[in-house]
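Undergrad: Handing over my_file_1.cif, mmCIF, C-alpha atoms.
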data_coords
#
loop_
_atom_site.label_atom_id
_atom_site.label_comp_id
_atom_site.auth_asym_id
_atom_site.auth_seq_id
_atom_site.Cartn_x
_atom_site.Cartn_y
_atom_site.Cartn_z
CA MET A 8 -83.69 143.67 -121.04
CA PRO A 9 -84.76 146.80 -119.12
CA PRO A 10 -88.45 147.71 -119.42
CA ASP A 11 -89.48 150.17 -122.12
CA PRO A 12 -88.96 153.73 -120.98
CA ILE A 13 -92.19 155.62 -120.39
CA LEU A 14 -91.11 158.57 -122.45
CA GLU A 15 -88.52 158.90 -125.19
CA ILE A 16 -87.72 162.20 -126.84
CA ARG A 17 -85.39 162.00 -129.83
CA ASN A 18 -83.82 164.97 -131.59
CA LEU A 19 -86.84 167.14 -130.87
CA SER A 20 -87.00 170.62 -132.37
CA CYS A 21 -89.84 173.04 -131.93
CA ILE A 22 -90.40 176.22 -133.89
CA ILE A 23 -93.01 178.70 -132.75
CA ALA A 24 -93.82 181.73 -134.90
CA GLY A 25 -90.59 181.32 -136.86
CA ARG A 26 -88.43 181.19 -133.75
CA THR A 27 -86.58 178.02 -132.80
CA ILE A 28 -87.60 177.33 -129.21
CA LEU A 29 -86.13 173.85 -128.89
CA HIS A 30 -83.22 172.50 -130.85
CA ASP A 31 -82.33 168.84 -131.13
CA VAL A 32 -83.28 167.77 -127.64
CA SER A 33 -83.12 164.10 -126.68
CA LEU A 34 -84.25 162.68 -123.37
CA THR A 35 -85.43 159.36 -122.03
CA VAL A 36 -87.52 159.02 -118.90
CA ALA A 37 -87.69 155.61 -117.26
CA GLU A 38 -90.39 154.42 -114.92
CA GLY A 39 -90.19 155.88 -111.41
CA GLU A 40 -87.85 158.70 -112.38
CA THR A 41 -88.38 162.37 -111.74
CA VAL A 42 -86.58 164.25 -114.45
CA VAL A 43 -86.34 167.96 -113.76
CA LEU A 44 -86.10 170.37 -116.67
CA LEU A 45 -84.03 173.24 -115.31
CA GLY A 46 -83.31 176.50 -117.05
CA ARG A 47 -83.81 180.23 -117.15
CA SER A 48 -87.02 181.87 -118.33
CA GLY A 49 -87.39 181.41 -122.08
CA CYS A 50 -84.96 178.48 -122.32
CA GLY A 51 -87.69 176.25 -123.76
CA LYS A 52 -88.33 174.03 -120.76
CA THR A 53 -92.07 174.71 -120.69
CA THR A 54 -92.27 174.24 -124.46
CA LEU A 55 -90.65 170.84 -124.03
CA LEU A 56 -93.27 169.89 -121.48
CA ARG A 57 -96.05 171.13 -123.73
CA ALA A 58 -94.63 169.25 -126.70
CA VAL A 59 -94.83 166.05 -124.69
CA ASN A 60 -98.59 166.20 -124.28
CA GLY A 61 -99.22 167.65 -127.70
CA LEU A 62 -100.00 171.25 -126.75
CA VAL A 63 -97.11 172.28 -129.01
CA ALA A 64 -96.30 170.57 -132.29
CA ALA A 65 -92.81 169.26 -133.00
CA ALA A 66 -91.02 170.67 -136.05
CA SER A 67 -88.81 167.60 -136.25
CA GLY A 68 -87.75 164.68 -134.12
CA GLU A 69 -89.84 162.12 -132.34
CA ILE A 70 -91.65 161.64 -129.07
CA ARG A 71 -92.66 158.16 -127.96
CA PHE A 72 -94.94 157.58 -125.00
CA GLN A 73 -95.17 154.06 -123.61
CA GLY A 74 -93.31 152.85 -126.66
CA LYS A 75 -95.76 154.31 -129.14
CA PRO A 76 -95.02 157.41 -131.25
CA ALA A 77 -96.98 160.42 -130.00
CA GLY A 78 -98.39 160.92 -133.49
CA GLU A 79 -100.13 157.56 -133.31
CA TRP A 80 -101.86 158.42 -130.05
CA ASP A 81 -105.30 159.98 -130.00
CA PRO A 82 -104.31 163.35 -128.50
CA ILE A 83 -107.27 163.28 -126.11
CA LEU A 84 -106.35 159.84 -124.80
CA LEU A 85 -102.67 160.78 -124.63
CA ARG A 86 -103.43 163.79 -122.42
CA ARG A 87 -105.66 161.77 -120.14
CA ARG A 88 -102.73 159.46 -119.50
CA MET A 89 -100.48 162.36 -118.51
CA GLY A 90 -101.33 164.29 -115.37
CA TYR A 91 -100.65 168.00 -115.84
CA VAL A 92 -100.00 170.54 -113.08
CA MET A 93 -99.58 174.20 -113.92
CA GLN A 94 -98.04 177.11 -112.06
CA HIS A 95 -101.44 178.57 -111.35
CA ALA A 96 -103.47 175.51 -110.64
CA GLY A 97 -105.94 176.27 -113.45
CA LEU A 98 -108.76 174.76 -111.43
CA PHE A 99 -112.26 175.08 -112.85
CA PRO A 100 -113.70 177.96 -110.82
CA HIS A 101 -117.30 176.80 -111.27
CA TRP A 102 -116.64 173.30 -109.95
CA THR A 103 -116.16 172.16 -106.38
CA VAL A 104 -112.85 170.70 -105.22
CA ALA A 105 -114.36 167.21 -105.53
CA ALA A 106 -115.53 167.85 -109.10
CA ASN A 107 -112.13 169.28 -110.02
CA VAL A 108 -110.22 166.33 -108.65
CA GLY A 109 -112.64 163.87 -110.22
CA ALA A 110 -112.52 165.57 -113.63
CA VAL A 111 -110.53 163.02 -115.61
CA PRO A 112 -112.15 159.92 -114.02
CA ARG A 113 -115.51 161.46 -114.91
CA LEU A 114 -114.35 162.04 -118.50
CA GLU A 115 -113.32 158.40 -118.50
CA ASN A 116 -116.79 157.39 -117.28
CA TRP A 117 -115.75 155.83 -114.00
CA PRO A 118 -118.70 154.88 -111.78
CA GLU A 119 -119.57 157.70 -109.33
CA GLU A 120 -118.84 155.59 -106.28
CA LYS A 121 -115.33 154.85 -107.48
CA ILE A 122 -114.70 158.50 -108.34
CA ARG A 123 -115.80 159.47 -104.84
CA GLU A 124 -113.42 157.04 -103.21
CA ARG A 125 -110.57 158.13 -105.45
CA VAL A 126 -111.19 161.82 -104.73
CA ASP A 127 -111.18 161.24 -100.97
CA PHE A 128 -108.02 159.14 -101.20
CA LEU A 129 -106.22 161.81 -103.20
CA LEU A 130 -107.34 164.72 -101.07
CA ARG A 131 -105.92 162.92 -98.05
CA ALA A 132 -102.76 162.13 -100.00
CA VAL A 133 -102.15 165.83 -100.68
CA GLY A 134 -102.93 166.79 -97.10
CA LEU A 135 -106.49 168.07 -97.39
CA ASP A 136 -109.30 166.74 -95.23
CA PRO A 137 -112.01 165.48 -97.62
CA GLY A 138 -114.84 166.31 -95.21
CA GLU A 139 -113.70 169.88 -95.03
CA PHE A 140 -112.65 170.50 -98.62
CA ARG A 141 -114.78 168.36 -100.97
CA GLN A 142 -117.58 170.88 -101.37
CA ARG A 143 -115.47 174.02 -101.41
CA TYR A 144 -114.88 176.11 -104.50
CA PRO A 145 -111.38 177.03 -105.71
CA ARG A 146 -111.90 180.71 -104.82
CA GLU A 147 -112.33 179.68 -101.18
CA LEU A 148 -108.85 178.12 -101.09
CA SER A 149 -105.42 179.61 -100.51
CA GLY A 150 -102.82 179.41 -103.28
CA GLY A 151 -101.14 176.45 -101.61
CA GLN A 152 -104.43 174.61 -101.17
CA GLN A 153 -105.33 175.24 -104.81
CA GLN A 154 -102.01 173.80 -105.88
CA ARG A 155 -102.62 170.72 -103.69
CA VAL A 156 -105.97 170.27 -105.42
CA GLY A 157 -104.21 170.72 -108.77
CA ILE A 158 -101.80 167.92 -107.90
CA ALA A 159 -104.61 165.69 -106.70
CA ARG A 160 -106.46 166.34 -109.95
CA SER A 161 -103.42 165.42 -112.04
CA LEU A 162 -103.14 162.09 -110.22
CA ALA A 163 -106.82 161.24 -110.39
CA ALA A 164 -106.89 158.71 -113.21
CA ASP A 165 -103.54 157.26 -112.09
CA PRO A 166 -101.62 158.42 -115.18
CA PRO A 167 -98.29 156.72 -115.96
CA LEU A 168 -96.61 160.12 -116.35
CA LEU A 169 -96.94 163.43 -114.51
CA LEU A 170 -96.06 166.73 -116.13
CA LEU A 171 -95.45 169.59 -113.72
CA ASP A 172 -94.86 173.12 -114.97
CA GLU A 173 -93.30 175.17 -112.16
CA PRO A 174 -96.01 173.92 -109.83
CA PHE A 175 -94.68 175.64 -106.72
CA ALA A 176 -93.19 178.81 -108.22
CA ALA A 177 -96.08 181.10 -107.28
CA LEU A 178 -96.20 180.03 -103.62
CA ASP A 179 -94.64 181.68 -100.59
CA PRO A 180 -91.38 180.01 -99.47
CA ILE A 181 -92.86 178.24 -96.45
CA THR A 182 -95.82 176.82 -98.33
CA ARG A 183 -93.49 175.90 -101.16
CA LEU A 184 -91.20 173.86 -98.95
CA ASP A 185 -94.21 172.20 -97.40
CA LEU A 186 -95.54 171.19 -100.81
CA GLN A 187 -92.15 170.07 -102.05
CA ARG A 188 -91.86 167.71 -99.09
CA GLN A 189 -95.39 166.52 -99.60
CA PHE A 190 -94.64 165.83 -103.24
CA LEU A 191 -91.56 163.77 -102.37
CA GLU A 192 -93.63 161.84 -99.86
CA LEU A 193 -96.39 161.37 -102.39
CA ARG A 194 -93.94 160.10 -104.96
CA ARG A 195 -92.78 157.45 -102.52
CA THR A 196 -96.32 156.28 -101.83
CA VAL A 197 -97.80 156.37 -105.34
CA ARG A 198 -94.51 155.87 -107.18
CA LYS A 199 -94.99 158.19 -110.11
CA THR A 200 -92.86 159.02 -113.08
CA ALA A 201 -92.61 162.77 -113.50
CA LEU A 202 -91.26 165.46 -115.76
CA PHE A 203 -90.86 168.55 -113.64
CA VAL A 204 -90.12 172.06 -114.92
CA THR A 205 -88.48 174.63 -112.68
CA HIS A 206 -86.08 177.57 -112.74
CA ASP A 207 -85.17 176.99 -109.10
CA VAL A 208 -81.91 175.02 -108.85
CA ARG A 209 -82.54 174.24 -105.19
CA GLU A 210 -85.89 172.72 -106.07
CA ALA A 211 -84.29 170.80 -108.94
CA LEU A 212 -81.65 169.28 -106.64
CA MET A 213 -84.31 168.37 -104.11
CA MET A 214 -86.81 166.77 -106.48
CA ALA A 215 -84.83 165.21 -109.27
CA THR A 216 -83.47 161.78 -109.93
CA ARG A 217 -81.96 163.42 -113.00
CA ILE A 218 -81.71 167.02 -114.12
CA ALA A 219 -81.84 168.20 -117.73
CA LEU A 220 -80.26 171.62 -117.92
CA LEU A 221 -81.58 173.65 -120.84
CA LYS A 222 -79.94 176.69 -122.33
CA ASP A 223 -81.36 178.61 -125.29
CA GLY A 224 -83.46 175.68 -126.43
CA ALA A 225 -80.70 173.09 -126.33
CA MET A 226 -79.78 170.61 -123.65
CA GLU A 227 -76.48 171.57 -122.07
CA LEU A 228 -76.30 168.82 -119.51
CA LEU A 229 -78.17 165.76 -118.36
CA ALA A 230 -76.98 164.64 -114.95
CA ARG A 231 -77.89 163.28 -111.56
CA PRO A 232 -78.17 165.95 -108.81
CA ASP A 233 -74.78 164.99 -107.30
CA GLU A 234 -73.19 165.22 -110.75
CA LEU A 235 -74.77 168.62 -111.36
CA ARG A 236 -73.29 169.94 -108.13
CA ARG A 237 -69.81 169.24 -109.56
CA ALA A 238 -70.56 170.15 -113.16
CA GLN A 239 -68.31 172.65 -114.93
CA THR A 240 -70.44 173.69 -117.93
CA PRO A 241 -71.14 177.44 -118.05
CA GLU A 242 -74.88 177.27 -117.38
CA ALA A 243 -74.44 174.73 -114.59
CA ARG A 244 -71.89 177.01 -112.93
CA ALA A 245 -74.25 179.97 -113.33
CA PHE A 246 -77.03 178.09 -111.56
CA LEU A 247 -74.72 176.72 -108.88
CA SER A 248 -73.34 180.16 -108.11
CA ALA A 249 -76.92 181.35 -107.71
CA LEU A 250 -77.30 178.59 -105.16
CA GLU A 251 -74.16 179.61 -103.27
CA GLU A 252 -75.26 183.24 -103.11
CA THR A 253 -78.09 182.30 -100.79
CA MET B 5 -165.33 202.22 -122.03
CA ASN B 6 -162.79 201.61 -119.27
CA ARG B 7 -163.45 197.93 -119.50
CA GLN B 8 -162.89 198.03 -123.21
CA LEU B 9 -159.63 199.94 -122.77
CA ALA B 10 -158.46 197.45 -120.18
CA SER B 11 -159.13 194.49 -122.40
CA GLU B 12 -157.37 196.20 -125.30
CA ILE B 13 -154.36 196.87 -123.08
CA VAL B 14 -154.25 193.21 -122.14
CA PHE B 15 -154.65 192.13 -125.75
CA LEU B 16 -151.95 194.44 -127.10
CA SER B 17 -149.62 193.63 -124.20
CA LEU B 18 -149.85 189.96 -125.06
CA ASP B 19 -149.31 190.85 -128.71
CA HIS B 20 -146.26 192.86 -127.66
CA ILE B 21 -144.89 190.02 -125.57
CA GLU B 22 -145.34 187.70 -128.52
CA LEU B 23 -143.30 190.02 -130.74
CA VAL B 24 -140.55 190.23 -128.14
CA LEU B 25 -140.42 186.50 -127.39
CA ILE B 26 -140.31 185.50 -131.05
CA THR B 27 -137.61 188.08 -131.71
CA ILE B 28 -135.43 187.03 -128.79
CA ALA B 29 -135.91 183.34 -129.58
CA ILE B 30 -134.78 183.84 -133.18
CA ALA B 31 -131.95 186.21 -132.29
CA ALA B 32 -130.69 183.83 -129.60
CA ALA B 33 -131.02 180.77 -131.84
CA ALA B 34 -129.00 182.52 -134.53
CA GLY B 35 -126.71 184.55 -132.27
CA LEU B 36 -125.50 182.01 -129.71
CA PRO B 37 -124.11 179.39 -132.14
CA THR B 38 -122.68 182.16 -134.32
CA ALA B 39 -120.95 183.68 -131.31
CA VAL B 40 -119.44 180.31 -130.37
CA VAL B 41 -117.95 180.06 -133.85
CA LEU B 42 -116.81 183.69 -133.82
CA ALA B 43 -115.02 183.22 -130.51
CA ARG B 44 -112.59 180.94 -132.37
CA ARG B 45 -112.14 183.07 -135.51
CA ALA B 46 -110.67 186.52 -135.09
CA LEU B 47 -111.16 187.70 -138.67
CA ALA B 48 -114.78 186.60 -139.00
CA ARG B 49 -115.41 188.09 -135.58
CA ARG B 50 -114.32 191.54 -136.74
CA TRP B 51 -116.55 191.41 -139.80
CA VAL B 52 -119.67 190.04 -138.17
CA LEU B 53 -119.49 192.24 -135.08
CA GLY B 54 -118.79 195.19 -137.37
CA PHE B 55 -121.86 194.39 -139.40
CA ALA B 56 -123.99 193.98 -136.27
CA ASN B 57 -122.65 197.30 -135.02
CA ILE B 58 -123.68 199.05 -138.22
CA ALA B 59 -127.14 197.47 -138.09
CA GLN B 60 -127.43 198.89 -134.59
CA THR B 61 -126.79 202.45 -135.77
CA ILE B 62 -129.65 202.51 -138.30
CA PRO B 63 -132.53 204.47 -136.77
CA SER B 64 -135.25 201.93 -136.04
CA LEU B 65 -138.06 203.72 -137.84
CA ALA B 66 -135.82 203.98 -140.92
CA LEU B 67 -134.95 200.29 -140.73
CA PHE B 68 -138.62 199.32 -140.68
CA GLY B 69 -139.04 201.54 -143.72
CA PHE B 70 -136.08 200.02 -145.55
CA LEU B 71 -137.40 196.51 -145.03
CA LEU B 72 -140.92 197.20 -146.30
CA PRO B 73 -140.17 196.88 -150.04
CA ILE B 74 -137.85 193.86 -149.75
CA PRO B 75 -139.63 190.84 -151.27
CA ALA B 76 -139.18 187.81 -148.99
CA ILE B 77 -138.91 189.50 -145.62
CA GLY B 78 -140.70 192.81 -146.22
CA GLY B 79 -144.29 193.87 -146.43
CA ILE B 80 -146.79 195.10 -143.88
CA GLY B 81 -147.11 193.07 -140.72
CA LYS B 82 -145.40 191.17 -137.94
CA ARG B 83 -142.84 189.37 -140.05
CA THR B 84 -141.10 192.53 -141.21
CA ALA B 85 -141.17 193.88 -137.67
CA ILE B 86 -139.59 190.74 -136.30
CA VAL B 87 -136.82 190.78 -138.89
CA ALA B 88 -135.94 194.35 -137.95
CA LEU B 89 -136.12 193.67 -134.22
CA CYS B 90 -133.87 190.63 -134.65
CA LEU B 91 -131.21 192.75 -136.32
CA TYR B 92 -131.13 194.96 -133.23
CA ALA B 93 -131.25 192.10 -130.74
CA LEU B 94 -128.42 190.27 -132.45
CA LEU B 95 -125.57 192.59 -131.50
CA PRO B 96 -125.82 192.44 -127.70
CA ILE B 97 -126.31 188.68 -127.82
CA LEU B 98 -123.37 188.14 -130.16
CA ARG B 99 -121.05 190.53 -128.43
CA ASN B 100 -121.74 189.39 -124.90
CA THR B 101 -121.43 185.73 -125.78
CA VAL B 102 -118.14 186.29 -127.60
CA VAL B 103 -116.81 188.43 -124.75
CA GLY B 104 -117.93 185.84 -122.22
CA ILE B 105 -116.18 182.98 -123.99
CA LEU B 106 -113.01 184.95 -124.71
CA GLY B 107 -113.01 186.11 -121.10
CA VAL B 108 -112.50 182.58 -119.76
CA ASP B 109 -109.13 182.52 -118.00
CA SER B 110 -106.58 181.09 -120.42
CA ALA B 111 -105.05 178.97 -117.63
CA VAL B 112 -108.46 177.37 -117.08
CA ARG B 113 -108.93 176.68 -120.78
CA GLU B 114 -105.42 175.32 -121.09
CA SER B 115 -105.87 173.01 -118.13
CA ALA B 116 -109.07 171.73 -119.74
CA VAL B 117 -107.08 170.88 -122.86
CA ALA B 118 -104.24 169.35 -120.86
CA LEU B 119 -106.68 167.22 -118.89
CA GLY B 120 -107.81 165.65 -122.14
CA MET B 121 -111.18 167.29 -122.68
CA THR B 122 -112.47 167.31 -126.24
CA ARG B 123 -113.35 170.64 -127.83
CA ARG B 124 -117.00 169.91 -127.31
CA GLN B 125 -116.46 169.11 -123.65
CA ILE B 126 -114.46 172.29 -123.19
CA LEU B 127 -117.27 174.29 -124.75
CA TRP B 128 -120.11 172.75 -122.78
CA GLN B 129 -118.43 172.03 -119.47
CA VAL B 130 -116.05 174.95 -119.17
CA GLU B 131 -116.52 177.84 -121.58
CA LEU B 132 -120.31 178.16 -121.68
CA PRO B 133 -120.87 177.78 -117.92
CA LEU B 134 -118.18 180.37 -117.22
CA ALA B 135 -119.56 182.68 -119.92
CA ALA B 136 -123.16 182.23 -118.73
CA PRO B 137 -123.43 185.46 -116.71
CA SER B 138 -122.18 187.46 -119.67
CA ILE B 139 -124.49 185.61 -122.08
CA ILE B 140 -127.50 186.27 -119.84
CA ALA B 141 -126.47 189.92 -119.60
CA GLY B 142 -126.54 190.06 -123.40
CA LEU B 143 -130.00 188.51 -123.49
CA ARG B 144 -131.14 191.00 -120.88
CA ILE B 145 -129.92 194.00 -122.85
CA ALA B 146 -131.45 192.58 -126.03
CA THR B 147 -134.79 191.87 -124.34
CA VAL B 148 -135.13 195.27 -122.69
CA ALA B 149 -134.17 197.07 -125.89
CA THR B 150 -136.56 194.95 -127.95
CA ILE B 151 -139.47 195.69 -125.61
CA GLY B 152 -138.87 199.38 -126.26
CA THR B 153 -138.17 199.19 -129.96
CA ALA B 154 -141.10 196.85 -130.58
CA THR B 155 -143.45 199.79 -129.94
CA ILE B 156 -142.35 201.11 -133.34
CA ALA B 157 -143.51 197.90 -135.02
CA ALA B 158 -147.02 199.36 -135.05
CA ALA B 159 -145.82 201.83 -137.68
CA ILE B 160 -145.68 199.03 -140.22
CA GLY B 161 -148.67 197.10 -138.95
CA GLY B 162 -146.72 194.85 -136.61
CA GLY B 163 -149.14 195.34 -133.71
CA GLY B 164 -148.11 195.48 -130.09
CA LEU B 165 -148.38 198.31 -127.59
CA GLY B 166 -147.12 200.75 -130.20
CA VAL B 167 -150.66 200.70 -131.61
CA PHE B 168 -151.74 202.82 -128.63
CA ILE B 169 -148.79 205.13 -128.99
CA PHE B 170 -149.27 205.84 -132.69
CA ARG B 171 -153.03 206.18 -132.20
CA GLY B 172 -152.46 208.57 -129.30
CA ILE B 173 -150.06 210.65 -131.35
CA SER B 174 -152.45 210.96 -134.29
CA MET B 175 -155.33 211.79 -131.91
CA VAL B 176 -153.09 214.14 -129.89
CA ASP B 177 -154.28 212.23 -126.83
CA SER B 178 -151.60 211.67 -124.24
CA LYS B 179 -153.76 209.25 -122.23
CA THR B 180 -153.82 206.86 -125.18
CA VAL B 181 -150.07 207.25 -125.62
CA LEU B 182 -149.63 206.34 -121.97
CA ALA B 183 -151.86 203.30 -122.35
CA GLY B 184 -149.12 201.94 -124.60
CA ALA B 185 -146.06 203.46 -123.00
CA VAL B 186 -146.71 202.56 -119.36
CA PRO B 187 -147.27 198.81 -119.87
CA ALA B 188 -144.22 198.70 -122.19
CA ALA B 189 -142.07 200.41 -119.57
CA ALA B 190 -143.37 198.13 -116.82
CA MET B 191 -142.65 195.12 -119.01
CA ALA B 192 -139.09 196.31 -119.65
CA LEU B 193 -138.43 196.87 -115.96
CA LEU B 194 -139.82 193.47 -115.05
CA ALA B 195 -137.77 191.68 -117.72
CA ASP B 196 -134.69 193.55 -116.57
CA GLU B 197 -135.20 192.51 -112.96
CA VAL B 198 -135.89 188.87 -113.73
CA LEU B 199 -132.94 188.45 -116.08
CA GLU B 200 -130.63 190.32 -113.75
CA TRP B 201 -131.65 187.95 -110.98
CA ILE B 202 -130.80 184.96 -113.18
CA GLU B 203 -127.52 186.58 -114.15
CA ARG B 204 -126.57 187.01 -110.49
CA ARG B 205 -127.52 183.44 -109.68
CA LEU B 206 -125.16 182.21 -112.38
CA SER B 207 -122.26 184.42 -111.36
CA PRO B 208 -119.68 183.08 -108.97
CA ALA B 209 -120.27 184.83 -105.65
#
Spell out the structure here as structure tokens.
TA:
Amino acid sequence: MPPDPILEIRNLSCIIAGRTILHDVSLTVAEGETVVLLGRSGCGKTTLLRAVNGLVAAASGEIRFQGKPAGEWDPILLRRRMGYVMQHAGLFPHWTVAANVGAVPRLENWPEEKIRERVDFLLRAVGLDPGEFRQRYPRELSGGQQQRVGIARSLAADPPLLLLDEPFAALDPITRLDLQRQFLELRRTVRKTALFVTHDVREALMMATRIALLKDGAMELLARPDELRRAQTPEARAFLSALEET
Amino acid sequence: MNRQLASEIVFLSLDHIELVLITIAIAAAAGLPTAVVLARRALARRWVLGFANIAQTIPSLALFGFLLPIPAIGGIGKRTAIVALCLYALLPILRNTVVGILGVDSAVRESAVALGMTRRQILWQVELPLAAPSIIAGLRIATVATIGTATIAAAIGGGGLGVFIFRGISMVDSKTVLAGAVPAAAMALLADEVLEWIERRLSPA
């Protein structure tokens, strides 16, 4: 028997303000996978991510996390077990880098000494020197550095699942590539399961173990990167031609 | 004579400060929690801020007059004065607190939710600290305005530095007017400076 998948989404539909954003989406994420949600703006990929950690309510269908229906989870506890990285890091501007990274462990009442060690470990893991960056404030960081801190923060309490919402989209191309590589490296070392939203097909091919291609709120295709490269569905061809143009 | 004047200035200044402190304490105790609730309710926010706005437009002397005949809160003396002063102090405190909380970057608030903070934690650890400069600015405006308006409290027997001013007016003696006006102005400037300093300390550089 294979182990329980970390995340199971079954026939999920989401309706926001009378508009159907997601329609009958099913997806299973197994441990160690990085599933990329790929699609154009407004295709519902971010809504899917937000539905997973309860920021958006499901109209119908079911989400199970670690084998337990999302509805049976305490939403606070559920979110603390899912690291979340946003496009703009959303760091707390009045907290230092160390306080930002240690946010969830502190909410979980870890001892200070352990939080400190964890923060230093994670800052190193995302390529920031703890001695230099611990006491800085987010406004003193570049966009790329803020995003590194955001990733470190999402990993802090060692959550079984990472949710990333276009984490590198706002960065310049060089910084973006640097962070993409760092993320791949990080995934090897900490072995994380991730659900990763992007509209960048190149990024999807680079990051994913599997890609879920969303079109108008429905899943058009669920495929490995090599399968996507050969896929013939209309949206897949649209994305692949965008890739060839460059 | 001079000695007597000096001691009366000190006495009425302290009386004035008492009026202001009680007023701001009550207005803040009522206004801050109300503003926190209003920040989450758009409809109630419109009504309450609208009401506070209207209260603000009533000329202060008229408001003191209106309150005099009202049974529980009216009558001659400090209590009526404090009720009226509170009505004026409430608006800046309410409005600035609401604006401060609503002004918190939505990405920051959302990340607080996504991190698994409870509503209470979001309020105390994220929203209020980030709104603090705006809240202090509201308290500053309320305090400075109350120091000025409190001089009118003397008209209904509320005491304070206004006693000099009304006495000076009835005696047509500008020196007596100044004995009330100058300390009140100095007090307002001082309060403004101190609270502005706190406000700056709390603002991100």
Undergrad: Within 6 Å of chain B, which residues of chain A come that close, and what is the closest atom pair and distance in Å for each? Count all atoms listed in the file and give it as a tab-separated table.
TA:
residue	atom	partner	partner_atom	distance
A:Ile83	CA	B:Gly120	CA	4.7
A:Arg86	CA	B:Gly120	CA	4.8
A:Arg87	CA	B:Gly120	CA	4.9
A:Gly97	CA	B:Val112	CA	4.6
Undergrad: So how far away is CA of Lys199 in chain A from CA of Leu228 in chain A, in Å?
TA: 23.5 Å
Undergrad: Since I can't run it myself right now, could you work out what the PyMOL selection byres ((chain B and resi 17) around 10) selects here and report it as a PyMOL selection string?
TA: chain B and resi 11-16+18-23+163-166+184+187-188+191
Undergrad: Would you work out the distance separating CA of Trp51 in chain B from CA of Lys82 in chain B, expressed in Å to one decimal?
TA: 28.9 Å
Undergrad: Applied to the shown file, which residues does the PyMOL selection byres ((chain B and resi 98) around 8) return, written as a list in words?
TA: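 In the shown coordinates, the PyMOL selection byres ((chain B and resi 98) around 8) covers Gly35, Leu36, Thr38, Ala39, Leu53, Leu94, Leu95, Pro96, Ile97, Arg99, Asn100, Thr101, Val102 and Gly142 of chain B.
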Undergrad: Name all residues at most 8 Å from Gly39 in chain A (count all atoms listed in the file; drop same-chain ones fewer than 4 positions away) and give them as a ChimeraX atom specification.
TA: /A:198-201
Undergrad: Using the chain letters and residue numbers of this document, give as a list in words the residues selected by the PyMOL selection byres ((chain B and resi 146) around 8).
TA: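 Selected by the PyMOL selection byres ((chain B and resi 146) around 8) in this file: Ile28, Tyr92, Ala93, Leu94, Pro96, Ile97, Gly142, Leu143, Arg144, Ile145, Thr147, Val148, Ala149 and Thr150 of chain B.
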